[in-house]
Protein chains: 2
Amino acid sequence: MATAATEHERALADSSGSRRQPDRTRKRLLQCAFDEIHRSGFRAASLDAILETSGVTKGALYHHFGSKTQLGYAVVDEMLRPWVEDAWRPVLDADDVVDAALALCRQLRRQRTDSVLQHGCPLNNLVNEMASIDDGFRQRLRAILQDWHSGVVAGIRRGQANGSVRNDLQAEQVAAVIICIVEGAAGLAKTRQDPLFFEASMQGLESYLASLRPQPT
Amino acid sequence: MATAATEHERALADSSGSRRQPDRTRKRLLQCAFDEIHRSGFRAASLDAILETSGVTKGALYHHFGSKTQLGYAVVDEMLRPWVEDAWRPVLDADDVVDAALALCRQLRRQRTDSVLQHGCPLNNLVNEMASIDDGFRQRLRAILQDWHSGVVAGIRRGQANGSVRNDLQAEQVAAVIICIVEGAAGLAKTRQDPLFFEASMQGLESYLASLRPQPT
C-alpha cells in the first residue's frame, strides 16, 4: 500500500496512525464511487473521476477492488444497502407504521434536491441500468429489494396486529405499492426535472398511507 | 435509394410497388430499433443488430435518420409515444375511468411476458437511461409523461364530475400515483425477474383504483 499512497493519503496517515489507513482509503473510494455512479450510471462512471475526487491512486483502487465491476458490487453491498436500510429503518421498526411512513414522506419531500431531481434514486438507477445485463448486480439489487419489501410487509402486519392498519388489506400488496410509488416517483422526477410531479406523487402517497388506517366507526 | 436497397427490399418493392418502399423501410427500421433499444438500452443498442433484423443497409439507415441519436429520437416520437397512447387511450377516453383502469391492470397482468419482466417498460427504461444525460431525449420523454399525466388527470376529473370518482381526492395526485405504481412496478420487476412482485404491485394498484370510487352511503 505504501507505494500506492498519495501525498494526501500519507498526510492523513501521518496525522492519525497508518494502520487504519487502508480501511479509510477503501471507504473513501466507496463513497466517491457511490456519488459518481449516482451521477453517471455504472457503465459511464469514470474511474479517473473517482480517483481524482478521492485522491487515491489507480494502484490502490485495484489493490482494494480488483476491477471496476468488483468496485460496483462493493458499492451496492457496502454503500447502497445501508443507504436504503438507514432511510427505512424508522418505518421498519415503528409500532405505528403509517405515522413513520408519513414522516419519511415529509422528509423525502424536504430533502428533494436538484441532485435527486436530476439524477434520481441510486437504487432505482442501478436496477434500471444493470439488473437485466449483469447477474452479479441483479442478485444484489434483488436481495436489497426483497429485504426492503419484507421489512415493509412485516411493518404492515404489525400495524394490523396492533390496530393501526386496516385488516382488510393484503400486506404484500400494500408494501409493493408503497415501494413502487417511491421508486417510480424518483425515476420519473429525472425526466420532469421540476419538483411538481415528484411533489404530487409524494402527496398522493401520503393520502394512500392515510387510507391504510382503520376507518372511524 | 435504389443503390441502398437490399435483395429483400427489392423483392418487397417488386411485389407491391416501389413508391411506398422508402416509408416501409423507415417503418421497419423504427420497429427493429424500438425492439433493440427495449432489449439493450439506447447506448448499448447495436446498429448492426438493427440492420440485420430489419434487412436494411447501413446506407439506407443513415439516409433516413442521419445518426444513431436521430434514430433514437424518431423511435421516441414515432414508436414510443403511440405505444403509450394506444395502451392508455381506453382509460383517457372512458366515462368510468376506474373501470377502464382496472381493465388495463388486468390486461397488463395477463400480458406480462418474460420480455417485460426481463427488459422492463420501454418508456421507463429510456427515462432512466437518457433523461439526465441528453436534452433531446429528456424533452421528448418529458412531453410524453406530461401528456400521459394530463390525460389521466382529465379522466379523474371527468369521473369526479359524473360521480364515479370521489370528490375529496386531488386529481393530479391520484394520476401521479397511478403512473408511479405502473412505472415503478415495471422497473423493479426487472430485478426480481419473477412475476410475484409485479403481481402484488398490480393487485395493490387494483385495490387503490377501487378505493377511488365514492363510498356507498
# chains A, B, ... in the order shown; residues from 1 in each chain; ligands from 1
call {"tool": "residues_around", "arguments": {"residues": "Leu209 in chain B", "least_positions_apart": "3", "cutoff": "10 Å", "atoms": "only C-alpha atoms", "output": "list in words"}}
result
Val97, Val98, Asp99, Ala101, Leu102, Cys105, Val165, Val174, Ile178, Gln203, Gly204, Leu205, Glu206, Leu212 and Arg213 of chain B
call {"tool": "write_last_selection", "arguments": {"atoms": "N, CA and C atoms", "output": "mmCIF file, in the first residue's frame"}}
result
data_model
loop_
_atom_site.group_PDB
_atom_site.id
_atom_site.type_symbol
_atom_site.label_atom_id
_atom_site.label_comp_id
_atom_site.auth_asym_id
_atom_site.auth_seq_id
_atom_site.Cartn_x
_atom_site.Cartn_y
_atom_site.Cartn_z
ATOM 1 N N VAL B 97 -63.529 6.038 -15.494
ATOM 2 C CA VAL B 97 -62.082 5.898 -15.559
ATOM 3 C C VAL B 97 -61.596 4.771 -14.648
ATOM 4 N N VAL B 98 -62.298 4.518 -13.549
ATOM 5 C CA VAL B 98 -61.885 3.446 -12.633
ATOM 6 C C VAL B 98 -62.059 2.092 -13.306
ATOM 7 N N ASP B 99 -63.232 1.872 -13.921
ATOM 8 C CA ASP B 99 -63.461 0.612 -14.636
ATOM 9 C C ASP B 99 -62.413 0.408 -15.730
ATOM 10 N N ALA B 101 -59.385 1.715 -16.002
ATOM 11 C CA ALA B 101 -58.045 1.482 -15.461
ATOM 12 C C ALA B 101 -57.937 0.084 -14.870
ATOM 13 N N LEU B 102 -59.014 -0.401 -14.235
ATOM 14 C CA LEU B 102 -58.999 -1.776 -13.712
ATOM 15 C C LEU B 102 -58.850 -2.780 -14.855
ATOM 16 N N CYS B 105 -55.255 -2.764 -15.917
ATOM 17 C CA CYS B 105 -54.444 -3.527 -14.952
ATOM 18 C C CYS B 105 -54.526 -5.019 -15.231
ATOM 19 N N VAL B 165 -65.922 8.952 -9.350
ATOM 20 C CA VAL B 165 -64.691 9.102 -8.560
ATOM 21 C C VAL B 165 -64.975 10.058 -7.398
ATOM 22 N N VAL B 174 -53.685 11.714 -7.638
ATOM 23 C CA VAL B 174 -54.148 10.363 -7.985
ATOM 24 C C VAL B 174 -53.486 9.906 -9.282
ATOM 25 N N ILE B 178 -50.943 6.659 -9.809
ATOM 26 C CA ILE B 178 -51.204 5.568 -10.760
ATOM 27 C C ILE B 178 -49.997 5.366 -11.680
ATOM 28 N N GLN B 203 -51.984 -5.948 -8.207
ATOM 29 C CA GLN B 203 -53.150 -6.180 -7.350
ATOM 30 C C GLN B 203 -53.330 -5.016 -6.373
ATOM 31 N N GLY B 204 -52.199 -4.493 -5.865
ATOM 32 C CA GLY B 204 -52.264 -3.329 -4.982
ATOM 33 C C GLY B 204 -52.812 -2.114 -5.720
ATOM 34 N N LEU B 205 -52.429 -1.967 -7.007
ATOM 35 C CA LEU B 205 -52.967 -0.866 -7.817
ATOM 36 C C LEU B 205 -54.476 -1.028 -8.012
ATOM 37 N N GLU B 206 -54.921 -2.269 -8.215
ATOM 38 C CA GLU B 206 -56.365 -2.514 -8.369
ATOM 39 C C GLU B 206 -57.127 -2.115 -7.104
ATOM 40 N N LEU B 212 -60.917 4.609 -5.171
ATOM 41 C CA LEU B 212 -61.241 5.929 -5.717
ATOM 42 C C LEU B 212 -62.747 6.138 -5.873
ATOM 43 N N ARG B 213 -63.496 5.044 -5.850
ATOM 44 C CA ARG B 213 -64.951 5.157 -6.022
ATOM 45 C C ARG B 213 -65.590 5.790 -4.786
#
call {"tool": "interface_residues", "arguments": {"of": "chain B", "to": "chain A", "cutoff": "9 Å", "atoms": "only C-alpha atoms", "output": "PyMOL selection string"}}
result
chain B and resi 39-41+118-120+124-125+127-133+137-139+141-143+145-146+169-170+172-188+190-193+197-205+207-208+211
call {"tool": "select_by_dssp", "arguments": {"residues": "chain B", "states": "alpha helix (DSSP H)", "output": "ChimeraX atom specification"}}
result
/B:7-16,21-40,47-54,58-65,68-75,81-93,97-111,114-119,122-130,135-162,171-192,195-210
call {"tool": "atom_distance", "arguments": {"atom1": "CA of Gly136 in chain A", "atom2": "CA of Thr57 in chain A"}}
result
25.8 Å
call {"tool": "residues_around", "arguments": {"residues": "Asn167 in chain B", "least_positions_apart": "4", "cutoff": "12 Å", "atoms": "only C-alpha atoms", "output": "list in words"}}
result
Ile156, Arg157, Arg158, Gly159, Gln160, Ala161, Asn162, Gly163, Ala171, Val174, Leu212, Arg213, Pro214 and Gln215 of chain B
call {"tool": "write_last_selection", "arguments": {"atoms": "C-alpha atoms", "output": "tab-separated table (two decimals), in the first residue's frame"}}
result
chain	number	residue	atom	x	y	z
B	156	ILE	CA	-60.18	11.54	-12.93
B	157	ARG	CA	-61.85	14.97	-13.14
B	158	ARG	CA	-64.45	13.61	-15.58
B	159	GLY	CA	-65.09	10.80	-13.10
B	160	GLN	CA	-65.46	13.33	-10.29
B	161	ALA	CA	-67.94	15.31	-12.41
B	162	ASN	CA	-70.06	12.26	-13.29
B	163	GLY	CA	-69.96	10.74	-9.80
B	171	ALA	CA	-56.76	14.54	-9.45
B	174	VAL	CA	-54.15	10.36	-7.98
B	212	LEU	CA	-61.24	5.93	-5.72
B	213	ARG	CA	-64.95	5.16	-6.02
B	214	PRO	CA	-67.39	7.09	-3.84
B	215	GLN	CA	-68.15	5.12	-0.70
